[in-house]
$ cat coords_8.pdb   # PDB, C-alpha atoms and all ligand atoms
ATOM      1  CA  MET A   1      67.815 -38.694  45.358
ATOM      2  CA  SER A   2      69.515 -38.477  48.749
ATOM      3  CA  LYS A   3      67.535 -37.060  51.598
ATOM      4  CA  SER A   4      70.078 -34.309  52.136
ATOM      5  CA  ARG A   5      69.266 -32.894  48.694
ATOM      6  CA  TRP A   6      65.698 -32.127  49.674
ATOM      7  CA  ILE A   7      65.168 -28.446  49.687
ATOM      8  CA  PHE A   8      62.246 -27.151  51.612
ATOM      9  CA  ILE A   9      60.291 -24.084  50.726
ATOM     10  CA  PHE A  10      58.523 -22.180  53.409
ATOM     11  CA  PHE A  11      56.212 -19.573  52.069
ATOM     12  CA  ILE A  12      54.050 -17.102  53.826
ATOM     13  CA  ILE A  13      51.010 -19.006  52.619
ATOM     14  CA  LEU A  14      52.323 -22.227  54.093
ATOM     15  CA  ILE A  15      50.795 -21.129  57.375
ATOM     16  CA  LEU A  16      47.410 -21.750  55.834
ATOM     17  CA  THR A  17      48.124 -25.249  54.670
ATOM     18  CA  ILE A  18      50.693 -26.879  56.868
ATOM     19  CA  ASN A  19      48.103 -29.009  58.586
ATOM     20  CA  VAL A  20      46.866 -30.729  55.432
ATOM     21  CA  PRO A  21      47.464 -34.421  56.124
ATOM     22  CA  ILE A  22      49.840 -35.886  53.534
ATOM     23  CA  PHE A  23      48.081 -39.278  53.327
ATOM     24  CA  GLN A  24      45.049 -37.547  51.870
ATOM     25  CA  ALA A  25      47.182 -36.653  48.827
ATOM     26  CA  GLN A  26      47.532 -40.280  47.828
ATOM     27  CA  ASN A  27      43.820 -40.494  47.070
ATOM     28  CA  GLN A  28      42.669 -37.129  45.893
ATOM     29  CA  PRO A  29      44.961 -34.261  44.870
ATOM     30  CA  SER A  30      43.650 -30.956  46.130
ATOM     31  CA  ILE A  31      44.789 -27.348  46.148
ATOM     32  CA  ASP A  32      44.117 -24.447  48.487
ATOM     33  CA  LEU A  33      42.762 -21.117  47.350
ATOM     34  CA  GLN A  34      43.782 -17.949  49.155
ATOM     35  CA  GLY A  35      40.255 -16.582  48.900
ATOM     36  CA  LEU A  36      41.540 -13.655  46.815
ATOM     37  CA  THR A  37      41.007 -12.639  43.190
ATOM     38  CA  TRP A  38      41.985  -9.901  40.732
ATOM     39  CA  ASP A  39      39.428  -7.453  39.337
ATOM     40  CA  HIS A  40      41.017  -7.458  35.870
ATOM     41  CA  THR A  41      42.483 -10.063  33.534
ATOM     42  CA  ILE A  42      45.563  -8.518  31.868
ATOM     43  CA  LEU A  43      48.107  -8.667  34.679
ATOM     44  CA  THR A  44      51.296  -6.667  34.203
ATOM     45  CA  VAL A  45      54.480  -8.164  35.637
ATOM     46  CA  LEU A  46      57.646  -6.166  36.339
ATOM     47  CA  VAL A  47      60.808  -8.277  36.514
ATOM     48  CA  ILE A  48      63.394  -6.258  38.472
ATOM     49  CA  THR A  49      66.967  -7.385  37.844
ATOM     50  CA  LYS A  50      69.873  -7.156  40.284
ATOM     51  CA  ASP A  51      72.707  -6.602  37.782
ATOM     52  CA  ASP A  52      75.029  -4.983  40.318
ATOM     53  CA  GLU A  53      75.100  -7.947  42.669
ATOM     54  CA  ILE A  54      78.022 -10.364  42.511
ATOM     55  CA  TRP A  55      75.691 -13.382  42.748
ATOM     56  CA  TRP A  56      73.460 -12.159  39.901
ATOM     57  CA  ASP A  57      73.114 -14.395  36.853
ATOM     58  CA  ASN A  58      71.459 -13.053  33.681
ATOM     59  CA  SER A  59      69.846 -16.439  33.081
ATOM     60  CA  TYR A  60      67.422 -15.606  35.937
ATOM     61  CA  ILE A  61      65.633 -13.180  33.588
ATOM     62  CA  ASN A  62      64.967 -15.781  30.908
ATOM     63  CA  SER A  63      64.002 -18.379  33.517
ATOM     64  CA  THR A  64      61.350 -15.997  34.815
ATOM     65  CA  LEU A  65      60.103 -14.952  31.366
ATOM     66  CA  ARG A  66      59.757 -18.644  30.433
ATOM     67  CA  ALA A  67      57.832 -19.260  33.680
ATOM     68  CA  ILE A  68      55.423 -16.469  32.697
ATOM     69  CA  ASN A  69      55.014 -18.006  29.228
ATOM     70  CA  VAL A  70      54.375 -21.435  30.742
ATOM     71  CA  TRP A  71      51.482 -19.949  32.713
ATOM     72  CA  ASN A  72      50.103 -18.003  29.721
ATOM     73  CA  ASN A  73      50.179 -21.069  27.468
ATOM     74  CA  ALA A  74      48.691 -23.351  30.114
ATOM     75  CA  ILE A  75      45.848 -20.907  30.842
ATOM     76  CA  LEU A  76      45.053 -20.634  27.121
ATOM     77  CA  ASN A  77      45.288 -24.399  26.712
ATOM     78  CA  PHE A  78      42.988 -25.104  29.668
ATOM     79  CA  SER A  79      40.444 -22.559  28.438
ATOM     80  CA  SER A  80      39.703 -24.982  25.607
ATOM     81  CA  TYR A  81      39.108 -27.970  27.930
ATOM     82  CA  GLY A  82      35.427 -27.099  27.944
ATOM     83  CA  SER A  83      33.156 -24.153  27.216
ATOM     84  CA  GLN A  84      32.737 -23.603  30.972
ATOM     85  CA  PHE A  85      36.440 -22.598  31.103
ATOM     86  CA  SER A  86      36.531 -20.442  27.963
ATOM     87  CA  TYR A  87      36.587 -17.211  30.028
ATOM     88  CA  LEU A  88      40.143 -18.119  31.053
ATOM     89  CA  SER A  89      41.389 -17.086  27.608
ATOM     90  CA  GLN A  90      41.030 -13.455  28.747
ATOM     91  CA  ILE A  91      43.698 -13.876  31.431
ATOM     92  CA  ARG A  92      47.259 -13.052  30.488
ATOM     93  CA  LEU A  93      50.486 -12.097  32.244
ATOM     94  CA  VAL A  94      52.349  -9.316  30.426
ATOM     95  CA  PRO A  95      56.009  -9.021  31.470
ATOM     96  CA  SER A  96      58.436  -6.081  31.424
ATOM     97  CA  VAL A  97      62.059  -6.101  32.594
ATOM     98  CA  SER A  98      63.650  -3.206  34.486
ATOM     99  CA  GLN A  99      66.677  -2.477  36.634
ATOM    100  CA  THR A 100      64.602  -0.344  38.981
ATOM    101  CA  LEU A 101      61.294  -0.525  40.767
ATOM    102  CA  GLU A 102      58.562   1.231  38.838
ATOM    103  CA  PRO A 103      55.030   1.914  40.080
ATOM    104  CA  GLY A 104      51.823   0.761  38.462
ATOM    105  CA  PHE A 105      52.441  -2.941  37.894
ATOM    106  CA  ASP A 106      50.261  -5.749  39.206
ATOM    107  CA  ILE A 107      52.985  -8.281  39.971
ATOM    108  CA  TYR A 108      56.615  -7.601  40.918
ATOM    109  CA  ILE A 109      59.364 -10.203  40.695
ATOM    110  CA  THR A 110      62.828  -9.633  42.116
ATOM    111  CA  TRP A 111      65.687 -11.570  43.725
ATOM    112  CA  GLN A 112      67.833 -11.695  46.795
ATOM    113  CA  GLU A 113      70.984 -13.740  47.356
ATOM    114  CA  GLU A 114      69.421 -16.013  49.971
ATOM    115  CA  TYR A 115      67.073 -16.205  52.896
ATOM    116  CA  ALA A 116      69.883 -16.254  55.412
ATOM    117  CA  GLY A 117      70.268 -19.459  57.326
ATOM    118  CA  THR A 118      67.188 -21.124  55.841
ATOM    119  CA  ASN A 119      66.229 -23.341  52.930
ATOM    120  CA  THR A 120      63.593 -20.925  51.710
ATOM    121  CA  LEU A 121      63.607 -20.538  47.917
ATOM    122  CA  GLY A 122      61.024 -17.845  47.363
ATOM    123  CA  THR A 123      58.180 -15.849  48.815
ATOM    124  CA  SER A 124      55.003 -14.312  47.479
ATOM    125  CA  GLN A 125      53.049 -11.612  49.237
ATOM    126  CA  ALA A 126      49.722 -10.196  48.160
ATOM    127  CA  ILE A 127      48.369  -6.819  49.124
ATOM    128  CA  TYR A 128      44.600  -6.826  48.813
ATOM    129  CA  GLU A 129      41.664  -4.601  49.375
ATOM    130  CA  PRO A 130      38.997  -6.185  51.581
ATOM    131  CA  PRO A 131      37.191  -8.334  51.146
ATOM    132  CA  CYS A 132      39.317 -10.038  48.500
ATOM    133  CA  THR A 133      40.587  -7.866  45.610
ATOM    134  CA  ILE A 134      44.326  -8.174  45.011
ATOM    135  CA  ILE A 135      45.978  -4.761  44.512
ATOM    136  CA  ASN A 136      49.440  -6.118  43.821
ATOM    137  CA  ASN A 137      51.647  -9.096  44.488
ATOM    138  CA  SER A 138      55.392  -9.124  45.243
ATOM    139  CA  ILE A 139      57.501 -12.167  44.526
ATOM    140  CA  THR A 140      61.076 -12.543  45.757
ATOM    141  CA  LEU A 141      63.245 -15.414  44.547
ATOM    142  CA  GLY A 142      66.408 -16.581  46.290
ATOM    143  CA  ALA A 143      69.549 -17.295  44.247
ATOM    144  CA  LYS A 144      70.739 -19.936  46.697
ATOM    145  CA  THR A 145      70.054 -21.505  50.069
ATOM    146  CA  LYS A 146      72.548 -22.371  52.775
ATOM    147  CA  THR A 147      73.091 -25.762  51.097
ATOM    148  CA  TYR A 148      72.184 -25.355  47.428
ATOM    149  CA  ILE A 149      72.760 -22.962  44.498
ATOM    150  CA  LEU A 150      69.768 -22.811  42.186
ATOM    151  CA  ASN A 151      70.320 -23.523  38.502
ATOM    152  CA  GLU A 152      68.283 -22.271  35.543
ATOM    153  CA  VAL A 153      65.763 -25.120  35.750
ATOM    154  CA  ASP A 154      65.232 -24.644  39.492
ATOM    155  CA  MET A 155      64.767 -20.902  39.033
ATOM    156  CA  GLN A 156      62.063 -21.485  36.412
ATOM    157  CA  ASN A 157      60.263 -24.004  38.631
ATOM    158  CA  ILE A 158      60.315 -21.699  41.653
ATOM    159  CA  ALA A 159      59.092 -18.783  39.521
ATOM    160  CA  ILE A 160      56.191 -20.909  38.194
ATOM    161  CA  HIS A 161      55.285 -21.835  41.778
ATOM    162  CA  GLU A 162      55.341 -18.249  43.023
ATOM    163  CA  LEU A 163      53.340 -16.989  40.042
ATOM    164  CA  GLY A 164      50.713 -19.560  41.032
ATOM    165  CA  HIS A 165      50.400 -17.740  44.360
ATOM    166  CA  ALA A 166      50.183 -14.410  42.514
ATOM    167  CA  LEU A 167      47.208 -15.867  40.622
ATOM    168  CA  GLY A 168      45.427 -16.650  43.884
ATOM    169  CA  LEU A 169      46.482 -20.253  44.439
ATOM    170  CA  GLY A 170      47.660 -21.687  47.747
ATOM    171  CA  HIS A 171      49.510 -24.985  48.078
ATOM    172  CA  SER A 172      48.653 -28.423  46.740
ATOM    173  CA  ASN A 173      48.792 -31.561  48.865
ATOM    174  CA  TYR A 174      50.085 -33.612  45.903
ATOM    175  CA  ALA A 175      53.875 -34.068  45.893
ATOM    176  CA  ASN A 176      54.150 -34.101  42.060
ATOM    177  CA  ASP A 177      52.340 -30.802  41.696
ATOM    178  CA  ILE A 178      54.324 -27.590  41.141
ATOM    179  CA  MET A 179      52.231 -25.977  43.912
ATOM    180  CA  TYR A 180      53.437 -28.495  46.493
ATOM    181  CA  PRO A 181      55.168 -26.536  49.291
ATOM    182  CA  GLN A 182      58.416 -28.538  49.111
ATOM    183  CA  TYR A 183      60.746 -28.551  46.126
ATOM    184  CA  THR A 184      63.137 -31.312  45.150
ATOM    185  CA  PRO A 185      65.671 -30.393  42.434
ATOM    186  CA  ARG A 186      64.978 -32.799  39.590
ATOM    187  CA  GLY A 187      66.627 -31.406  36.492
ATOM    188  CA  ASN A 188      63.485 -30.686  34.501
ATOM    189  CA  VAL A 189      60.786 -28.058  34.347
ATOM    190  CA  ILE A 190      57.655 -29.172  36.189
ATOM    191  CA  ALA A 191      54.519 -28.764  34.093
ATOM    192  CA  LEU A 192      51.414 -27.113  35.475
ATOM    193  CA  SER A 193      48.613 -29.549  36.268
ATOM    194  CA  THR A 194      44.928 -29.498  35.450
ATOM    195  CA  LEU A 195      44.438 -29.034  39.209
ATOM    196  CA  ASP A 196      46.476 -25.796  39.151
ATOM    197  CA  LEU A 197      44.509 -24.499  36.176
ATOM    198  CA  TYR A 198      41.172 -25.566  37.630
ATOM    199  CA  GLY A 199      42.185 -23.617  40.754
ATOM    200  CA  VAL A 200      42.796 -20.514  38.645
ATOM    201  CA  SER A 201      39.419 -21.022  36.941
ATOM    202  CA  VAL A 202      37.726 -20.944  40.367
ATOM    203  CA  VAL A 203      39.689 -17.813  41.380
ATOM    204  CA  PHE A 204      38.406 -16.056  38.241
ATOM    205  CA  GLU A 205      34.972 -17.669  38.178
ATOM    206  CA  TRP A 206      33.365 -14.210  38.373
ATOM    207  CA  LEU A 207      34.330 -13.819  34.685
ATOM    208  CA  SER A 208      31.764 -16.468  33.764
ATOM    209  CA  HIS A 209      28.773 -14.447  34.978
ATOM    210  CA  TYR A 210      27.582 -11.242  33.384
ATOM    211  CA  PRO A 211      27.970  -8.372  34.420
ATOM    212  CA  TYR A 212      31.449  -9.530  35.433
ATOM    213  CA  ILE A 213      31.668  -8.211  38.972
ATOM    214  CA  PRO A 214      34.567  -9.700  40.936
ATOM    215  CA  LYS A 215      33.309 -12.228  43.458
ATOM    216  CA  CYS A 216      35.423 -13.664  46.265
ATOM    217  CA  PRO A 217      36.406 -17.299  45.786
ATOM    218  CA  SER A 218      36.017 -19.247  48.996
ATOM    219  CA  LYS A 219      39.201 -19.627  51.013
ATOM    220  CA  SER A 220      39.199 -23.391  50.854
ATOM    221  CA  SER A 221      40.773 -26.560  49.557
ATOM    222  CA  ILE A 222      39.347 -27.726  46.235
ATOM    223  CA  SER A 223      39.633 -30.927  44.182
ATOM    224  CA  LEU A 224      39.039 -31.561  40.496
ATOM    225  CA  PRO A 225      35.442 -32.100  39.402
ATOM    226  CA  PHE A 226      34.625 -35.575  38.048
ATOM    227  CA  TYR A 227      34.825 -34.377  34.423
ATOM    228  CA  VAL A 228      38.466 -33.207  34.653
ATOM    229  CA  GLN A 229      41.231 -35.782  35.083
ATOM    230  CA  TYR A 230      44.448 -34.947  36.901
ATOM    231  CA  GLY A 231      47.122 -34.396  34.224
ATOM    232  CA  TYR A 232      49.780 -31.992  33.031
ATOM    233  CA  LEU A 233      49.610 -29.178  30.498
ATOM    234  CA  PRO A 234      52.186 -29.406  27.683
ATOM    235  CA  ILE A 235      55.199 -27.077  27.700
ATOM    236  CA  SER A 236      56.382 -25.857  24.321
ATOM    237  CA  TYR A 237      60.030 -26.300  23.365
ATOM    238  CA  GLU A 238      60.812 -22.574  23.482
ATOM    239  CA  ASN A 239      59.690 -22.454  27.114
ATOM    240  CA  LEU A 240      62.226 -25.043  28.211
ATOM    241  CA  PRO A 241      65.722 -24.040  29.379
ATOM    242  CA  PRO A 242      68.492 -24.455  26.786
ATOM    243  CA  PRO A 243      70.271 -27.820  27.080
ATOM    244  CA  THR A 244      73.465 -27.727  29.121
ATOM    245  CA  PRO A 245      76.408 -27.330  26.698
ATOM    246  CA  PRO A 246      79.168 -29.966  26.826
ATOM    247  CA  PRO A 247      82.206 -28.870  28.876
ATOM    248  CA  TYR A 248      84.408 -28.594  25.743
ATOM    249  CA  LYS A 249      82.831 -27.671  22.442
ATOM    250  CA  THR A 250      85.949 -27.994  20.304
ATOM    251  CA  LEU A 251      89.478 -29.336  20.621
ATOM    252  CA  LEU A 252      90.675 -25.731  20.915
ATOM    253  CA  ASP A 253      88.336 -25.179  23.900
ATOM    254  CA  PHE A 254      89.752 -28.317  25.483
ATOM    255  CA  ILE A 255      93.365 -27.150  25.040
ATOM    256  CA  LEU A 256      92.577 -23.646  26.298
ATOM    257  CA  GLY A 257      90.793 -25.146  29.277
ATOM    258  CA  LEU A 258      93.798 -27.319  29.988
ATOM    259  CA  ILE A 259      96.270 -24.426  29.811
ATOM    260  CA  SER A 260      94.195 -22.361  32.217
ATOM    261  CA  SER A 261      94.085 -25.264  34.679
ATOM    262  CA  PRO A 262      96.153 -24.865  37.880
ATOM    263  CA  TYR A 263      97.469 -28.407  37.349
ATOM    264  CA  VAL A 264      99.056 -27.540  33.994
ATOM    265  CA  ILE A 265     102.617 -27.407  35.458
ATOM    266  CA  ILE A 266     102.238 -30.877  36.954
ATOM    267  CA  PHE A 267     100.825 -32.077  33.649
ATOM    268  CA  LEU A 268     103.759 -30.614  31.661
ATOM    269  CA  LEU A 269     106.260 -32.123  34.119
ATOM    270  CA  LEU A 270     104.712 -35.571  33.768
ATOM    271  CA  LEU A 271     104.619 -35.137  29.976
ATOM    272  CA  THR A 272     108.354 -34.231  29.934
ATOM    273  CA  ILE A 273     109.263 -37.268  32.070
ATOM    274  CA  PHE A 274     107.169 -39.470  29.795
ATOM    275  CA  LEU A 275     108.906 -38.108  26.660
ATOM    276  CA  ILE A 276     112.390 -38.609  28.192
ATOM    277  CA  ILE A 277     111.525 -42.211  29.081
ATOM    278  CA  LEU A 278     110.132 -42.733  25.592
ATOM    279  CA  LEU A 279     113.311 -41.349  23.972
ATOM    280  CA  VAL A 280     115.515 -43.553  26.170
ATOM    281  CA  VAL A 281     113.482 -46.628  25.244
ATOM    282  CA  ILE A 282     113.661 -45.790  21.511
ATOM    283  CA  TRP A 283     117.404 -45.079  21.719
ATOM    284  CA  ARG A 284     118.053 -48.389  23.471
ATOM    285  CA  ALA A 285     115.857 -50.224  20.989
ATOM    286  CA  MET A 286     117.868 -48.748  18.113
ATOM    287  CA  GLY A 287     121.100 -49.775  19.873
ATOM    288  CA  THR A 288     119.853 -53.349  20.140
ATOM    289  CA  LYS A 289     119.026 -53.382  16.442
ATOM    290  CA  GLU A 290     122.574 -52.395  15.497
ATOM    291  CA  THR A 291     123.988 -55.281  17.565
ATOM    292  CA  SER A 292     121.624 -57.618  15.825
ATOM    293  CA  GLU A 293     122.866 -56.474  12.404
ATOM    294  CA  ASP A 294     126.487 -57.120  13.478
ATOM    295  CA  ASP A 295     125.541 -60.662  14.399
ATOM    296  CA  THR A 296     124.026 -61.159  10.956
ATOM    297  CA  LEU A 297     127.220 -60.018   9.324
ATOM    298  CA  VAL A 298     129.196 -62.485  11.354
ATOM    299  CA  LEU A 299     126.872 -65.276  10.382
ATOM    300  CA  GLY A 300     127.136 -64.279   6.696
ATOM    301  CA  GLY A 301     130.917 -64.383   6.945
ATOM    302  CA  GLN A 302     130.800 -67.927   8.273
ATOM    303  CA  ASN A 303     128.654 -69.070   5.343
ATOM    304  CA  GLU A 304     131.232 -67.844   2.883
TER     305      GLU A 304
HETATM  306 ZN    ZN A 401      54.287 -21.691  47.924
END

$ encode --input "coords_8.pdb" --output "structure tokens" --more "lines below"
Ligand SMILES: [Zn+2]
Amino acid sequence: MSKSRWIFIFFIILILTINVPIFQAQNQPSIDLQGLTWDHTILTVLVITKDDEIWWDNSYINSTLRAINVWNNAILNFSSYGSQFSYLSQIRLVPSVSQTLEPGFDIYITWQEEYAGTNTLGTSQAIYEPPCTIINNSITLGAKTKTYILNEVDMQNIAIHELGHALGLGHSNYANDIMYPQYTPRGNVIALSTLDLYGVSVVFEWLSHYPYIPKCPSKSSISLPFYVQYGYLPISYENLPPPTPPPYKTLLDFILGLISSPYVIIFLLLLTIFLIILLVVIWRAMGTKETSEDDTLVLGGQNE
């Protein structure tokens, strides 16, 4: 991967974590918590499309819905890692899609063409009621940067990252973690880690104590406890982007593609020249054959 292909994400929350020394990541992956939590567990998400914009691509909707499913499945999966995490099974993101902003949702996701002149890919902003209760969270995803146009896989990865912030996570210091503040396009969806899910379990730890009164998680950097190994949660097939179709599905597609090409006139010209040369060669070859037959006749005559 060339260095120029590195795309950097600068999020609002980066301010909190930019000083984490990178060498620490080699030994012990850790993740920051924003020190915020939700006071309920069914979180409604409104995905606001931008159908009228020239840069809009409908695949952004599915990328985002798959990102939401990746989180839901990972949370449910991690809730079975041990009885101490079982309360996580109550947490769920419930998406709706709309062309307009509607009130009353917990999390909003929308897009803009780009963060002009920067390599920013997305932002997440929480509005909270002191000391720590999130009222709502707004996510904005960029369709491109000044050097790179995001594809369906990238869009899903960035959405997963931003949803992590919406769930109260900050950034990880581990480069292979989806919550790392820099993103390198890599062609595949990045799975959530046990560290990400453990972070969410700490954000919602108040659910483990009756009478379930929201309690502020400490605004700190946390690592996995000794009984949880760093690893990745599985992603089901339906939550992966569809494979890229081949450029030409059938011979007819190939021919149609060729005809619509701006080079078709040059191609036809070259084809005509080739056919003329071929005809000349065949004609001359036939002429040679006739001469040869004459010679045979002459030879036959001599034998008689
Ligand atoms: Zn971030």

$ closest_residue --input "coords_8.pdb" --among "A:Ser236, A:Thr244, A:Ser221, A:Ser260" --to "Asn69 in chain A" --atoms "only C-alpha atoms"
A:Ser236

$ closest_residue --input "coords_8.pdb" --among "A:Tyr232, A:Tyr183, A:Phe85, A:Tyr174" --to "ligand ZN 401 (chain A)" --atoms "all atoms listed in the file"
A:Tyr183

$ closest_residue --input "coords_8.pdb" --among "A:Asn157, A:Gln28, A:Thr145, A:Asn62" --to "ligand ZN 401 (chain A)" --atoms "all atoms listed in the file"
A:Asn157

$ closest_residue --input "coords_8.pdb" --among "A:Ala285, A:Leu195, A:Ile107, A:Met179" --to "ligand ZN 401 (chain A)" --atoms "all atoms listed in the file"
A:Met179

$ closest_residue --input "coords_8.pdb" --among "A:Ser223, A:Thr147, A:Thr140, A:Ser83" --to "ligand ZN 401 (chain A)" --atoms "all atoms listed in the file"
A:Thr140

$ closest_residue --input "coords_8.pdb" --among "A:Thr133, A:Thr64, A:Ser220, A:Gln34" --to "ligand ZN 401 (chain A)" --atoms "only C-alpha atoms and all ligand atoms"
A:Gln34

$ resolve_selection --input "coords_8.pdb" --expression "the PyMOL selection byres (((chain A and resi 89) around 12) and not hetatm)" --output "count of residues only"
30

$ atom_distance --input "coords_8.pdb" --atom1 "CA of Glu114 in chain A" --atom2 "CA of Ile160 in chain A"
18.4 Å

$ atom_distance --input "coords_8.pdb" --atom1 "CA of Lys215 in chain A" --atom2 "CA of Cys132 in chain A"
8.1 Å

$ atom_distance --input "coords_8.pdb" --atom1 "CA of Asp51 in chain A" --atom2 "CA of Tyr108 in chain A"
16.4 Å

$ residues_around --input "coords_8.pdb" --residues "Asp57 in chain A" --least-positions-apart "4" --cutoff "10 Å" --atoms "only C-alpha atoms" --output "ChimeraX atom specification"
/A:49-51,53,61,143,151-152

$ resolve_selection --input "coords_8.pdb" --expression "the PyMOL selection byres (((chain A and resi 213) around 12) and not hetatm)" --output "VMD selection string"
chain A and resid 37 to 40 133 204 to 212 214 to 216
